[in-house]
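run_26.cif (mmCIF, C-alpha atoms) appears below.
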data_work
loop_
_atom_site.label_atom_id
_atom_site.label_comp_id
_atom_site.auth_asym_id
_atom_site.auth_seq_id
_atom_site.Cartn_x
_atom_site.Cartn_y
_atom_site.Cartn_z
CA MET X 1 89.12 4.39 -11.81
CA PRO X 2 90.09 1.53 -14.16
CA THR X 3 93.17 -0.58 -13.46
CA LYS X 4 93.95 -1.17 -17.13
CA PRO X 5 93.05 0.44 -20.46
CA SER X 6 89.62 -0.43 -21.80
CA VAL X 7 88.98 -2.44 -24.96
CA LYS X 8 87.53 0.73 -26.46
CA SER X 9 90.98 2.23 -26.90
CA HIS X 10 90.68 2.65 -30.66
CA VAL X 11 91.15 6.15 -32.03
CA PRO X 12 89.79 8.26 -33.43
CA GLY X 13 86.08 7.62 -32.89
CA PRO X 14 83.27 9.67 -34.46
CA LYS X 15 83.21 12.45 -31.86
CA ALA X 16 86.99 12.63 -31.89
CA LYS X 17 87.04 12.87 -35.68
CA GLU X 18 84.65 15.82 -35.53
CA VAL X 19 86.77 17.69 -32.96
CA ILE X 20 89.97 16.96 -34.88
CA ALA X 21 88.43 18.29 -38.10
CA ARG X 22 87.31 21.48 -36.38
CA ASP X 23 90.71 21.85 -34.73
CA THR X 24 92.47 21.44 -38.08
CA ALA X 25 90.25 24.10 -39.63
CA SER X 26 90.60 26.68 -36.87
CA ILE X 27 93.87 26.19 -34.94
CA ALA X 28 97.44 26.66 -36.15
CA THR X 29 99.15 23.42 -37.09
CA THR X 30 102.09 22.90 -34.73
CA THR X 31 103.11 19.69 -32.99
CA LYS X 32 100.09 17.36 -32.87
CA THR X 33 101.29 13.81 -32.25
CA ALA X 34 98.24 11.55 -31.79
CA PRO X 35 94.46 11.65 -32.45
CA VAL X 36 93.60 11.64 -28.74
CA VAL X 37 90.62 13.86 -27.86
CA LEU X 38 90.20 14.20 -24.12
CA ASP X 39 86.93 14.40 -22.22
CA ARG X 40 88.19 14.06 -18.63
CA ALA X 41 91.19 12.83 -16.69
CA GLN X 42 92.08 11.67 -13.20
CA GLY X 43 95.44 10.52 -11.86
CA ILE X 44 97.26 8.70 -14.66
CA TRP X 45 94.03 7.91 -16.53
CA LEU X 46 92.69 9.70 -19.61
CA HIS X 47 89.12 9.30 -20.90
CA GLY X 48 88.27 10.21 -24.47
CA VAL X 49 85.10 11.64 -25.96
CA ASP X 50 84.20 8.26 -27.51
CA GLY X 51 84.68 6.23 -24.33
CA GLU X 52 88.34 5.37 -24.80
CA THR X 53 90.72 4.97 -21.87
CA TRP X 54 94.46 5.56 -21.92
CA MET X 55 97.27 5.47 -19.40
CA ASP X 56 99.17 8.76 -19.54
CA PHE X 57 102.86 7.85 -19.55
CA CYS X 58 103.99 11.22 -20.86
CA SER X 59 102.39 13.27 -18.02
CA ALA X 60 100.88 15.59 -20.64
CA GLY X 61 104.37 16.71 -21.62
CA ALA X 62 106.02 16.06 -18.22
CA VAL X 63 103.62 18.58 -16.68
CA VAL X 64 101.05 16.83 -14.46
CA SER X 65 103.50 15.85 -11.71
CA THR X 66 100.77 15.10 -9.16
CA GLY X 67 98.58 13.40 -11.75
CA HIS X 68 95.61 14.85 -13.58
CA THR X 69 93.15 16.91 -11.51
CA HIS X 70 94.58 16.05 -8.12
CA PRO X 71 91.75 16.98 -5.70
CA LYS X 72 93.97 19.15 -3.48
CA VAL X 73 95.22 21.11 -6.47
CA VAL X 74 91.72 21.50 -7.89
CA LYS X 75 90.40 22.71 -4.53
CA ALA X 76 93.20 25.27 -4.20
CA VAL X 77 92.49 26.60 -7.71
CA GLN X 78 88.76 26.87 -7.04
CA GLU X 79 89.22 28.65 -3.72
CA GLN X 80 91.64 31.20 -5.14
CA ALA X 81 89.52 31.77 -8.26
CA ALA X 82 86.63 32.76 -5.99
CA LYS X 83 88.83 35.42 -4.33
CA PHE X 84 90.54 37.13 -7.27
CA LEU X 85 91.83 35.90 -10.62
CA HIS X 86 94.59 38.39 -11.37
CA PHE X 87 96.43 41.31 -9.81
CA MET X 88 99.73 41.67 -11.77
CA GLY X 89 102.23 40.50 -9.21
CA THR X 90 105.13 42.33 -10.86
CA ASP X 91 103.51 45.66 -9.92
CA PHE X 92 101.52 44.86 -6.79
CA TYR X 93 101.50 42.38 -3.92
CA TYR X 94 99.63 39.28 -2.71
CA GLU X 95 100.76 36.71 -0.21
CA ASN X 96 100.54 33.42 -2.07
CA GLN X 97 103.08 34.70 -4.61
CA VAL X 98 105.49 35.40 -1.75
CA GLN X 99 104.77 31.97 -0.28
CA VAL X 100 105.66 30.19 -3.52
CA ALA X 101 108.86 32.22 -3.86
CA GLU X 102 109.87 31.38 -0.31
CA ARG X 103 109.18 27.69 -0.86
CA LEU X 104 111.11 27.60 -4.13
CA ALA X 105 114.06 29.45 -2.64
CA ALA X 106 114.15 26.95 0.23
CA LEU X 107 114.06 24.00 -2.20
CA ALA X 108 116.56 25.44 -4.67
CA PRO X 109 120.14 24.12 -4.74
CA MET X 110 121.68 27.59 -4.41
CA LYS X 111 121.66 29.46 -1.10
CA LYS X 112 119.92 32.80 -0.62
CA GLY X 113 117.91 32.58 -3.81
CA LYS X 114 115.31 34.94 -5.26
CA VAL X 115 112.60 34.14 -7.79
CA PHE X 116 111.20 35.64 -10.98
CA PHE X 117 107.82 34.25 -12.05
CA CYS X 118 106.68 33.78 -15.64
CA ASN X 119 104.28 31.63 -17.65
CA SER X 120 106.41 28.88 -19.18
CA GLY X 121 109.82 27.30 -19.37
CA THR X 122 110.66 29.26 -22.48
CA GLU X 123 109.93 32.55 -20.73
CA GLY X 124 112.11 31.41 -17.84
CA ILE X 125 115.00 30.76 -20.23
CA GLU X 126 114.56 34.18 -21.80
CA ALA X 127 114.68 35.76 -18.34
CA ALA X 128 117.82 33.78 -17.45
CA LEU X 129 119.59 34.84 -20.64
CA LYS X 130 118.75 38.48 -19.97
CA LEU X 131 119.84 38.22 -16.33
CA ALA X 132 123.17 36.68 -17.37
CA ARG X 133 123.91 39.44 -19.87
CA TRP X 134 122.74 42.16 -17.49
CA GLY X 135 124.66 40.84 -14.49
CA THR X 136 127.97 39.94 -16.17
CA ARG X 137 127.95 42.72 -18.78
CA ARG X 138 129.05 40.04 -21.26
CA GLY X 139 127.26 39.03 -24.43
CA GLN X 140 128.10 35.38 -25.21
CA VAL X 141 126.31 32.19 -24.14
CA LEU X 142 127.47 28.59 -24.47
CA GLY X 143 124.85 25.94 -25.22
CA PHE X 144 124.96 22.30 -26.29
CA HIS X 145 124.15 20.14 -29.29
CA GLY X 146 120.86 18.33 -28.73
CA ALA X 147 119.57 20.97 -26.32
CA PHE X 148 115.99 22.14 -26.23
CA HIS X 149 115.24 25.36 -24.34
CA GLY X 150 112.13 26.65 -26.07
CA ARG X 151 110.80 28.20 -29.26
CA THR X 152 110.84 31.96 -28.70
CA LEU X 153 113.73 33.50 -30.58
CA GLY X 154 116.20 33.89 -27.72
CA ALA X 155 115.56 30.40 -26.33
CA LEU X 156 115.51 29.01 -29.86
CA SER X 157 118.96 30.45 -30.49
CA VAL X 158 120.35 28.23 -27.74
CA THR X 159 118.22 25.25 -28.81
CA ALA X 160 119.97 22.72 -31.05
CA SER X 161 117.67 19.71 -31.05
CA LYS X 162 115.97 19.43 -34.44
CA ARG X 163 116.48 21.27 -37.71
CA VAL X 164 112.76 21.91 -38.17
CA GLN X 165 112.68 23.98 -34.98
CA ARG X 166 115.14 26.53 -36.41
CA GLU X 167 114.50 26.30 -40.14
CA ARG X 168 113.28 29.55 -41.76
CA TYR X 169 113.80 31.56 -38.54
CA PHE X 170 117.30 32.83 -39.19
CA PRO X 171 119.10 34.95 -38.24
CA MET X 172 119.12 33.68 -34.67
CA VAL X 173 119.93 35.99 -31.77
CA PRO X 174 123.70 36.51 -31.96
CA GLY X 175 126.10 35.56 -29.20
CA VAL X 176 125.51 31.80 -28.94
CA VAL X 177 128.08 29.03 -29.40
CA HIS X 178 127.29 25.31 -29.12
CA ALA X 179 129.44 22.45 -27.84
CA PRO X 180 128.89 18.67 -28.01
CA TYR X 181 126.84 17.20 -25.16
CA PRO X 182 128.43 14.06 -23.69
CA ASN X 183 125.88 11.48 -24.82
CA PRO X 184 127.05 8.09 -23.49
CA TYR X 185 125.28 6.19 -26.28
CA ARG X 186 126.18 8.27 -29.33
CA ASN X 187 128.82 11.01 -29.13
CA THR X 188 131.29 13.01 -31.24
CA TRP X 189 134.30 11.04 -30.03
CA GLY X 190 132.97 7.51 -30.51
CA ILE X 191 133.42 6.70 -26.82
CA ASP X 192 131.29 4.12 -25.04
CA GLY X 193 130.19 6.49 -22.34
CA TYR X 194 128.67 3.73 -20.23
CA ALA X 195 132.01 1.93 -20.04
CA GLU X 196 134.18 5.06 -19.87
CA PRO X 197 132.05 7.86 -18.34
CA ALA X 198 135.00 9.82 -16.92
CA GLU X 199 136.76 9.83 -20.29
CA LEU X 200 133.63 11.06 -22.04
CA ALA X 201 133.14 13.86 -19.51
CA ASN X 202 136.79 14.88 -19.85
CA ARG X 203 136.56 14.99 -23.65
CA ALA X 204 133.46 17.20 -23.53
CA LEU X 205 135.00 19.61 -21.02
CA ASP X 206 138.33 19.68 -22.84
CA TYR X 207 136.55 20.54 -26.10
CA ILE X 208 135.02 23.59 -24.43
CA GLU X 209 138.33 24.72 -22.99
CA SER X 210 140.69 23.99 -25.89
CA GLN X 211 138.47 24.32 -28.97
CA LEU X 212 136.04 27.03 -27.91
CA LEU X 213 137.39 29.20 -25.10
CA ASP X 214 140.97 29.01 -26.34
CA ALA X 215 140.28 29.51 -30.02
CA LEU X 216 136.80 30.86 -30.70
CA LEU X 217 135.12 32.40 -27.67
CA PRO X 218 137.25 34.57 -25.34
CA PRO X 219 136.38 33.63 -21.73
CA SER X 220 136.09 37.31 -20.85
CA GLU X 221 133.10 37.50 -23.20
CA LEU X 222 131.29 34.44 -21.78
CA ALA X 223 128.21 35.43 -19.80
CA ALA X 224 126.82 31.98 -19.09
CA VAL X 225 126.75 28.29 -19.84
CA LEU X 226 123.17 27.04 -20.28
CA VAL X 227 122.73 23.31 -19.79
CA GLU X 228 120.03 20.70 -19.21
CA PRO X 229 121.26 18.41 -16.40
CA ILE X 230 119.54 15.66 -18.40
CA GLN X 231 118.59 16.50 -21.96
CA GLY X 232 114.83 16.25 -22.40
CA GLU X 233 113.34 16.70 -25.86
CA GLY X 234 116.79 15.89 -27.26
CA GLY X 235 116.49 12.27 -26.17
CA TYR X 236 116.46 11.91 -22.35
CA ILE X 237 120.25 11.86 -22.37
CA VAL X 238 121.93 11.40 -18.98
CA PRO X 239 125.51 12.75 -19.10
CA PRO X 240 128.41 11.26 -17.12
CA LYS X 241 128.33 12.21 -13.44
CA ASP X 242 131.54 14.30 -13.71
CA PHE X 243 130.18 16.55 -16.46
CA LEU X 244 128.06 19.03 -14.48
CA PRO X 245 130.62 19.46 -11.68
CA GLY X 246 133.21 20.04 -14.40
CA LEU X 247 131.03 22.74 -15.96
CA ARG X 248 130.56 24.34 -12.55
CA LYS X 249 134.33 24.49 -12.07
CA LEU X 250 134.85 25.88 -15.57
CA THR X 251 132.30 28.67 -15.19
CA LYS X 252 133.70 29.71 -11.82
CA GLU X 253 137.20 29.90 -13.24
CA HIS X 254 136.06 32.18 -16.04
CA GLY X 255 133.58 34.32 -14.11
CA ALA X 256 130.56 33.07 -16.06
CA LEU X 257 127.18 31.94 -14.73
CA LEU X 258 125.97 28.34 -14.80
CA ILE X 259 122.29 28.19 -15.77
CA ALA X 260 120.50 24.88 -15.17
CA ASP X 261 117.46 24.29 -17.38
CA GLU X 262 115.29 22.17 -15.06
CA VAL X 263 112.08 22.85 -16.97
CA GLN X 264 111.52 19.12 -17.53
CA THR X 265 113.87 17.55 -14.99
CA GLY X 266 112.72 19.50 -11.94
CA ASN X 267 110.02 19.03 -9.31
CA GLY X 268 110.88 15.43 -8.52
CA ARG X 269 110.88 13.79 -11.94
CA THR X 270 114.37 12.27 -11.62
CA GLY X 271 113.92 10.97 -8.08
CA LYS X 272 115.54 14.12 -6.73
CA TYR X 273 113.73 17.43 -6.45
CA TRP X 274 116.23 18.88 -8.94
CA ALA X 275 118.37 16.87 -11.34
CA VAL X 276 121.46 18.88 -10.37
CA GLU X 277 121.21 17.20 -6.96
CA LEU X 278 122.20 13.92 -8.62
CA THR X 279 125.71 15.33 -9.00
CA LYS X 280 125.63 17.83 -6.09
CA THR X 281 126.06 20.72 -8.53
CA GLU X 282 125.04 24.23 -7.46
CA PRO X 283 124.10 26.47 -10.40
CA ASP X 284 123.86 30.26 -10.27
CA VAL X 285 120.46 30.22 -11.96
CA LEU X 286 117.81 27.51 -12.23
CA VAL X 287 114.78 27.60 -14.53
CA THR X 288 111.75 25.45 -13.78
CA ALA X 289 108.25 25.04 -15.22
CA LYS X 290 106.16 22.05 -16.41
CA GLY X 291 105.52 20.00 -13.22
CA ILE X 292 105.67 22.94 -10.85
CA ALA X 293 101.90 23.64 -10.83
CA SER X 294 100.36 20.34 -11.98
CA GLY X 295 99.13 21.69 -15.29
CA MET X 296 98.55 25.38 -14.66
CA PRO X 297 100.80 27.52 -16.90
CA MET X 298 103.78 28.56 -14.83
CA GLY X 299 107.51 29.07 -15.06
CA ALA X 300 110.02 30.37 -12.56
CA MET X 301 113.64 31.45 -12.55
CA VAL X 302 115.47 30.98 -9.25
CA PHE X 303 118.80 32.79 -8.95
CA ARG X 304 121.46 33.82 -6.47
CA LYS X 305 120.26 36.88 -4.58
CA GLU X 306 123.22 39.06 -5.53
CA LEU X 307 122.31 38.69 -9.22
CA ASP X 308 119.01 40.54 -8.79
CA TRP X 309 118.41 43.19 -11.45
CA GLY X 310 117.89 45.93 -8.89
CA ALA X 311 116.70 48.21 -11.68
CA ASN X 312 113.02 49.06 -12.03
CA GLY X 313 111.87 47.93 -15.47
CA ALA X 314 114.98 45.94 -16.48
CA HIS X 315 112.69 42.93 -16.83
CA SER X 316 109.02 42.28 -16.08
CA ASN X 317 105.79 40.75 -17.40
CA THR X 318 102.03 40.88 -16.91
CA TYR X 319 100.81 37.40 -15.99
CA GLY X 320 103.81 35.86 -14.22
CA GLY X 321 102.94 34.80 -10.67
CA ASN X 322 99.20 34.77 -11.36
CA PRO X 323 97.38 34.18 -8.04
CA VAL X 324 95.40 31.15 -9.26
CA VAL X 325 98.56 29.57 -10.63
CA MET X 326 100.35 30.31 -7.35
CA ALA X 327 97.60 28.46 -5.48
CA ALA X 328 98.10 25.46 -7.76
CA ALA X 329 101.86 25.59 -7.22
CA LEU X 330 101.54 25.69 -3.42
CA ALA X 331 99.12 22.78 -3.47
CA SER X 332 101.39 20.85 -5.85
CA MET X 333 104.41 21.34 -3.59
CA ASP X 334 102.32 20.20 -0.63
CA VAL X 335 101.22 17.04 -2.46
CA ILE X 336 104.75 16.26 -3.66
CA ARG X 337 105.99 16.58 -0.06
CA ASP X 338 103.10 14.95 1.81
CA GLU X 339 102.65 12.01 -0.56
CA LYS X 340 106.43 11.52 -0.86
CA LEU X 341 106.28 11.69 -4.64
CA VAL X 342 109.99 12.41 -5.12
CA GLU X 343 110.75 9.21 -3.23
CA ASN X 344 108.12 7.37 -5.29
CA ALA X 345 109.70 8.58 -8.53
CA ALA X 346 113.06 7.25 -7.34
CA LYS X 347 111.76 3.86 -6.16
CA VAL X 348 109.22 3.09 -8.87
CA GLY X 349 111.47 4.72 -11.47
CA GLU X 350 114.20 2.23 -10.59
CA HIS X 351 111.68 -0.58 -11.14
CA LEU X 352 110.74 0.96 -14.50
CA GLY X 353 114.38 1.30 -15.51
CA LYS X 354 115.15 -2.34 -14.74
CA ARG X 355 112.28 -3.42 -16.98
CA ILE X 356 113.21 -1.37 -20.05
CA ARG X 357 116.91 -2.25 -19.75
CA THR X 358 116.00 -5.83 -20.62
CA TRP X 359 114.69 -4.75 -24.01
CA PRO X 360 118.00 -4.21 -25.85
CA GLY X 361 118.68 -7.89 -25.18
CA LYS X 362 115.23 -8.92 -26.46
CA PHE X 363 114.94 -6.72 -29.55
CA ASP X 364 117.56 -6.17 -32.23
CA GLN X 365 116.23 -2.67 -32.92
CA VAL X 366 116.21 -1.39 -29.34
CA GLY X 367 119.66 0.14 -29.29
CA ASP X 368 119.59 1.83 -25.90
CA ALA X 369 117.53 2.09 -22.71
CA ARG X 370 118.43 4.93 -20.37
CA GLY X 371 117.24 7.42 -17.81
CA VAL X 372 116.64 7.94 -14.13
CA GLY X 373 113.53 8.15 -11.96
CA PHE X 374 110.44 8.83 -14.04
CA MET X 375 112.54 10.21 -16.88
CA GLN X 376 113.36 7.11 -18.93
CA ALA X 377 113.64 6.37 -22.65
CA ILE X 378 114.41 3.72 -25.21
CA GLU X 379 115.95 4.37 -28.63
CA LEU X 380 115.10 2.42 -31.77
CA VAL X 381 117.80 1.86 -34.39
CA LYS X 382 118.08 0.08 -37.71
CA ASP X 383 121.41 -1.46 -36.79
CA LYS X 384 122.88 -1.71 -33.29
CA ARG X 385 126.47 -1.48 -34.47
CA ALA X 386 125.97 1.63 -36.61
CA LYS X 387 123.31 3.08 -34.26
CA VAL X 388 121.33 4.45 -37.21
CA PRO X 389 118.06 5.93 -35.88
CA ASP X 390 114.87 4.14 -36.96
CA VAL X 391 112.31 6.92 -36.98
CA LYS X 392 109.71 4.87 -38.86
CA ALA X 393 109.74 2.07 -36.30
CA ARG X 394 109.60 4.55 -33.42
CA ASP X 395 106.56 6.27 -34.90
CA GLU X 396 104.82 2.93 -35.52
CA VAL X 397 105.40 1.79 -31.93
CA GLU X 398 104.13 5.09 -30.59
CA GLU X 399 101.01 4.93 -32.78
CA LEU X 400 100.27 1.32 -31.84
CA ALA X 401 100.69 2.12 -28.15
CA VAL X 402 98.04 4.84 -28.41
CA GLN X 403 95.69 2.38 -30.13
CA ARG X 404 96.22 -0.06 -27.25
CA GLY X 405 95.62 2.47 -24.51
CA LEU X 406 99.05 3.87 -23.67
CA LEU X 407 100.12 7.45 -24.34
CA VAL X 408 103.85 8.01 -24.86
CA LEU X 409 105.83 10.65 -26.73
CA GLY X 410 108.92 10.58 -28.91
CA CYS X 411 112.19 12.28 -28.03
CA GLY X 412 115.49 12.75 -29.81
CA ARG X 413 115.66 11.37 -33.34
CA SER X 414 114.17 7.92 -32.64
CA GLY X 415 113.54 7.69 -28.91
CA ILE X 416 110.40 7.00 -26.92
CA ARG X 417 110.19 8.81 -23.61
CA ILE X 418 108.54 7.17 -20.61
CA ALA X 419 107.58 9.88 -18.13
CA PRO X 420 104.48 9.05 -16.07
CA PRO X 421 103.09 11.26 -13.28
CA LEU X 422 104.97 11.01 -10.01
CA ILE X 423 102.02 9.22 -8.37
CA THR X 424 102.40 6.14 -10.63
CA THR X 425 102.64 2.76 -8.89
CA LYS X 426 104.70 -0.33 -9.69
CA ALA X 427 101.55 -2.17 -10.77
CA GLU X 428 100.66 0.63 -13.20
CA VAL X 429 104.22 0.64 -14.55
CA ASP X 430 104.00 -3.11 -15.13
CA THR X 431 100.69 -2.77 -17.00
CA ALA X 432 102.01 0.05 -19.17
CA MET X 433 105.30 -1.68 -19.94
CA ASP X 434 103.45 -4.89 -20.86
CA ILE X 435 101.57 -2.83 -23.46
CA LEU X 436 104.72 -1.11 -24.73
CA GLU X 437 106.69 -4.36 -24.90
CA GLY X 438 103.85 -5.93 -26.87
CA CYS X 439 103.95 -3.01 -29.29
CA LEU X 440 107.70 -3.44 -29.73
CA ARG X 441 107.23 -7.15 -30.37
CA ASP X 442 104.56 -6.58 -33.01
CA VAL X 443 106.33 -3.73 -34.79
CA LEU X 444 109.89 -5.03 -34.58
CA LYS X 445 109.10 -8.77 -34.89
CA GLY X 446 111.80 -9.20 -32.24
#

How does the structure come out when it is put into structure tokens?
Amino acid sequence: MPTKPSVKSHVPGPKAKEVIARDTASIATTTKTAPVVLDRAQGIWLHGVDGETWMDFCSAGAVVSTGHTHPKVVKAVQEQAAKFLHFMGTDFYYENQVQVAERLAALAPMKKGKVFFCNSGTEGIEAALKLARWGTRRGQVLGFHGAFHGRTLGALSVTASKRVQRERYFPMVPGVVHAPYPNPYRNTWGIDGYAEPAELANRALDYIESQLLDALLPPSELAAVLVEPIQGEGGYIVPPKDFLPGLRKLTKEHGALLIADEVQTGNGRTGKYWAVELTKTEPDVLVTAKGIASGMPMGAMVFRKELDWGANGAHSNTYGGNPVVMAAALASMDVIRDEKLVENAAKVGEHLGKRIRTWPGKFDQVGDARGVGFMQAIELVKDKRAKVPDVKARDEVEELAVQRGLLVLGCGRSGIRIAPPLITTKAEVDTAMDILEGCLRDVLKG
């Protein structure tokens, strides 16, 4: 495999243009971000239909945790596919589904957990919302500004990331209230959350108690608090360390569940298996997806055993826990463990973080650099004092990076997320960050 992007990294080429035209004519227009047409992939490397080469520093949406087409995952998928492709695990039984559930329960931060399998993070959130209402017999959920939990209507009702995601879909599912998320860089209270993290956490928690639960949302009606331990699509926002433990204390006091959305943060991305481990917080429910099966479509909800529905038909699905997907998940967990990928994300992620944290001092328009492990981001602004997002500059940097052989994705209003596969080395990080820094220099004239 190549050690750096090839000089052919100019997109789109003639074959790519043809595929893109056919795609545009036949597939619903949703969230396309770059004219990258893939032919094959291995590890962190992507190869296009016209001979291009890119480094994948978005992990195909934070999904390919073990890298693209890891041979052990591919072998597991092939072997299971030759046995049977589907057997509806919600109605019948097969062992590899049980094995994955046992492994997840052992890895989960809560004790004595059980698992519900589904096909995506969004489905996992929907299941968690239903479980919270069913188990508590309460109807209200507290979410956060900047949150992204999915695009189906229930998950969308708790999402509060971008206007376009909710526009023309009202009314939302009732019973959702949002609170400010304690963003250290840009928050409701104008606090420098890096200098005063405890104060920022206290303000956010006090707002929930005094402004919401005391005046708007009776605690006896609160079924759950749904939170991303680190906000993903909303900007890779790392809250103060006291925030999640404070939420845990608040939910226990009021008899509500704490649901951790670890769809993007889980499976080692932050240098811990789960992001809640960074603050030693134990949720009642945890939702995971993305990196759990290295690219096969899978979601899972892990929950305290006593919360189990216990009612036949209260919730179910058809494809959740598909046997081929389960094989991929088992192989992925083996690779993450055997190749020490969580440890690699922590060590190499620290190296990555040190590099990008030099950029606010080099470029007037890089307002913030933040993150942990392989979940890092920079934010581009028009003015550092006012912190006005510079969406145009962000998009230009992202586009130029693709042209130069580096695939990254935006996040938040003007952020660029840096989320490579967990197998990524220091040398590969250095190569990729050289490209990205060059793009910043050329776009920002820093």

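For X:Leu212, the non-local neighbours within 10 Å, defined as residues at least 5 positions apart in the same chain or in other chains and counting only C-alpha atoms, are X:Leu142, X:Val177, X:His178, X:Ala179, X:Asp206, X:Tyr207, X:Leu217, X:Pro218, X:Pro219.
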
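Here atom CA of X:Gly353 and atom CA of X:Ala369 stand 7.9 Å from one another.
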
Stretch 99-113 of chain X, all listed atoms, 5 Å padding on each side: what axis-aligned box centre and edge lengths in Å to one decimal come out, as AutoDock Vina command-line options?
--center_x 113.2 --center_y 28.4 --center_z -2.3 --size_x 26.9 --size_y 18.8 --size_z 15.0

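Nearest-residue note for X:Ile356: choosing from X:Ser316, X:Asn344, X:Ile418, X:Met301, the minimum distance belongs to X:Ile418, counting all atoms listed in the file.
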
Just to confirm, what's the straight-line distance from atom CA of X:Asp284 to atom CA of X:Gly310 in Å (one decimal)?
16.8 Å

Is there a way to complete stretch 161-179 of chain X with N, CA and C atoms and then write that out as a PDB file, in the frame of the given file?
ATOM      1  N   SER X 161     118.231  21.060 -31.137  1.00  0.00           N
ATOM      2  CA  SER X 161     117.670  19.710 -31.050  1.00  0.00           C
ATOM      3  C   SER X 161     117.285  19.148 -32.405  1.00  0.00           C
ATOM      4  N   LYS X 162     116.447  19.894 -33.137  1.00  0.00           N
ATOM      5  CA  LYS X 162     115.970  19.430 -34.440  1.00  0.00           C
ATOM      6  C   LYS X 162     116.018  20.583 -35.445  1.00  0.00           C
ATOM      7  N   ARG X 163     116.365  20.257 -36.664  1.00  0.00           N
ATOM      8  CA  ARG X 163     116.480  21.270 -37.710  1.00  0.00           C
ATOM      9  C   ARG X 163     115.172  22.019 -37.920  1.00  0.00           C
ATOM     10  N   VAL X 164     114.041  21.297 -37.874  1.00  0.00           N
ATOM     11  CA  VAL X 164     112.760  21.910 -38.170  1.00  0.00           C
ATOM     12  C   VAL X 164     112.417  23.025 -37.182  1.00  0.00           C
ATOM     13  N   GLN X 165     112.969  22.960 -35.984  1.00  0.00           N
ATOM     14  CA  GLN X 165     112.680  23.980 -34.980  1.00  0.00           C
ATOM     15  C   GLN X 165     113.316  25.324 -35.322  1.00  0.00           C
ATOM     16  N   ARG X 166     114.416  25.299 -36.088  1.00  0.00           N
ATOM     17  CA  ARG X 166     115.140  26.530 -36.410  1.00  0.00           C
ATOM     18  C   ARG X 166     114.983  26.965 -37.864  1.00  0.00           C
ATOM     19  N   GLU X 167     114.571  26.043 -38.702  1.00  0.00           N
ATOM     20  CA  GLU X 167     114.500  26.300 -40.140  1.00  0.00           C
ATOM     21  C   GLU X 167     113.559  27.464 -40.458  1.00  0.00           C
ATOM     22  N   ARG X 168     114.027  28.387 -41.278  1.00  0.00           N
ATOM     23  CA  ARG X 168     113.280  29.550 -41.760  1.00  0.00           C
ATOM     24  C   ARG X 168     113.076  30.616 -40.673  1.00  0.00           C
ATOM     25  N   TYR X 169     113.856  30.534 -39.589  1.00  0.00           N
ATOM     26  CA  TYR X 169     113.800  31.560 -38.540  1.00  0.00           C
ATOM     27  C   TYR X 169     115.101  32.335 -38.401  1.00  0.00           C
ATOM     28  N   PHE X 170     116.033  32.116 -39.286  1.00  0.00           N
ATOM     29  CA  PHE X 170     117.300  32.830 -39.190  1.00  0.00           C
ATOM     30  C   PHE X 170     117.137  34.277 -39.657  1.00  0.00           C
ATOM     31  N   PRO X 171     117.982  35.204 -39.147  1.00  0.00           N
ATOM     32  CA  PRO X 171     119.100  34.950 -38.240  1.00  0.00           C
ATOM     33  C   PRO X 171     118.643  34.736 -36.802  1.00  0.00           C
ATOM     34  N   MET X 172     119.350  33.867 -36.099  1.00  0.00           N
ATOM     35  CA  MET X 172     119.120  33.680 -34.670  1.00  0.00           C
ATOM     36  C   MET X 172     119.664  34.897 -33.905  1.00  0.00           C
ATOM     37  N   VAL X 173     119.338  34.961 -32.621  1.00  0.00           N
ATOM     38  CA  VAL X 173     119.930  35.990 -31.770  1.00  0.00           C
ATOM     39  C   VAL X 173     121.431  35.732 -31.696  1.00  0.00           C
ATOM     40  N   PRO X 174     122.247  36.736 -31.965  1.00  0.00           N
ATOM     41  CA  PRO X 174     123.700  36.510 -31.960  1.00  0.00           C
ATOM     42  C   PRO X 174     124.231  36.266 -30.543  1.00  0.00           C
ATOM     43  N   GLY X 175     125.446  35.734 -30.488  1.00  0.00           N
ATOM     44  CA  GLY X 175     126.100  35.560 -29.200  1.00  0.00           C
ATOM     45  C   GLY X 175     125.924  34.188 -28.592  1.00  0.00           C
ATOM     46  N   VAL X 176     125.684  33.161 -29.432  1.00  0.00           N
ATOM     47  CA  VAL X 176     125.510  31.800 -28.940  1.00  0.00           C
ATOM     48  C   VAL X 176     126.480  30.869 -29.640  1.00  0.00           C
ATOM     49  N   VAL X 177     127.181  30.059 -28.877  1.00  0.00           N
ATOM     50  CA  VAL X 177     128.080  29.030 -29.400  1.00  0.00           C
ATOM     51  C   VAL X 177     127.661  27.695 -28.795  1.00  0.00           C
ATOM     52  N   HIS X 178     127.694  26.634 -29.606  1.00  0.00           N
ATOM     53  CA  HIS X 178     127.290  25.310 -29.120  1.00  0.00           C
ATOM     54  C   HIS X 178     128.482  24.368 -29.024  1.00  0.00           C
ATOM     55  N   ALA X 179     128.430  23.480 -28.036  1.00  0.00           N
ATOM     56  CA  ALA X 179     129.440  22.450 -27.840  1.00  0.00           C
ATOM     57  C   ALA X 179     128.756  21.082 -27.826  1.00  0.00           C
TER      58      ALA X 179
END
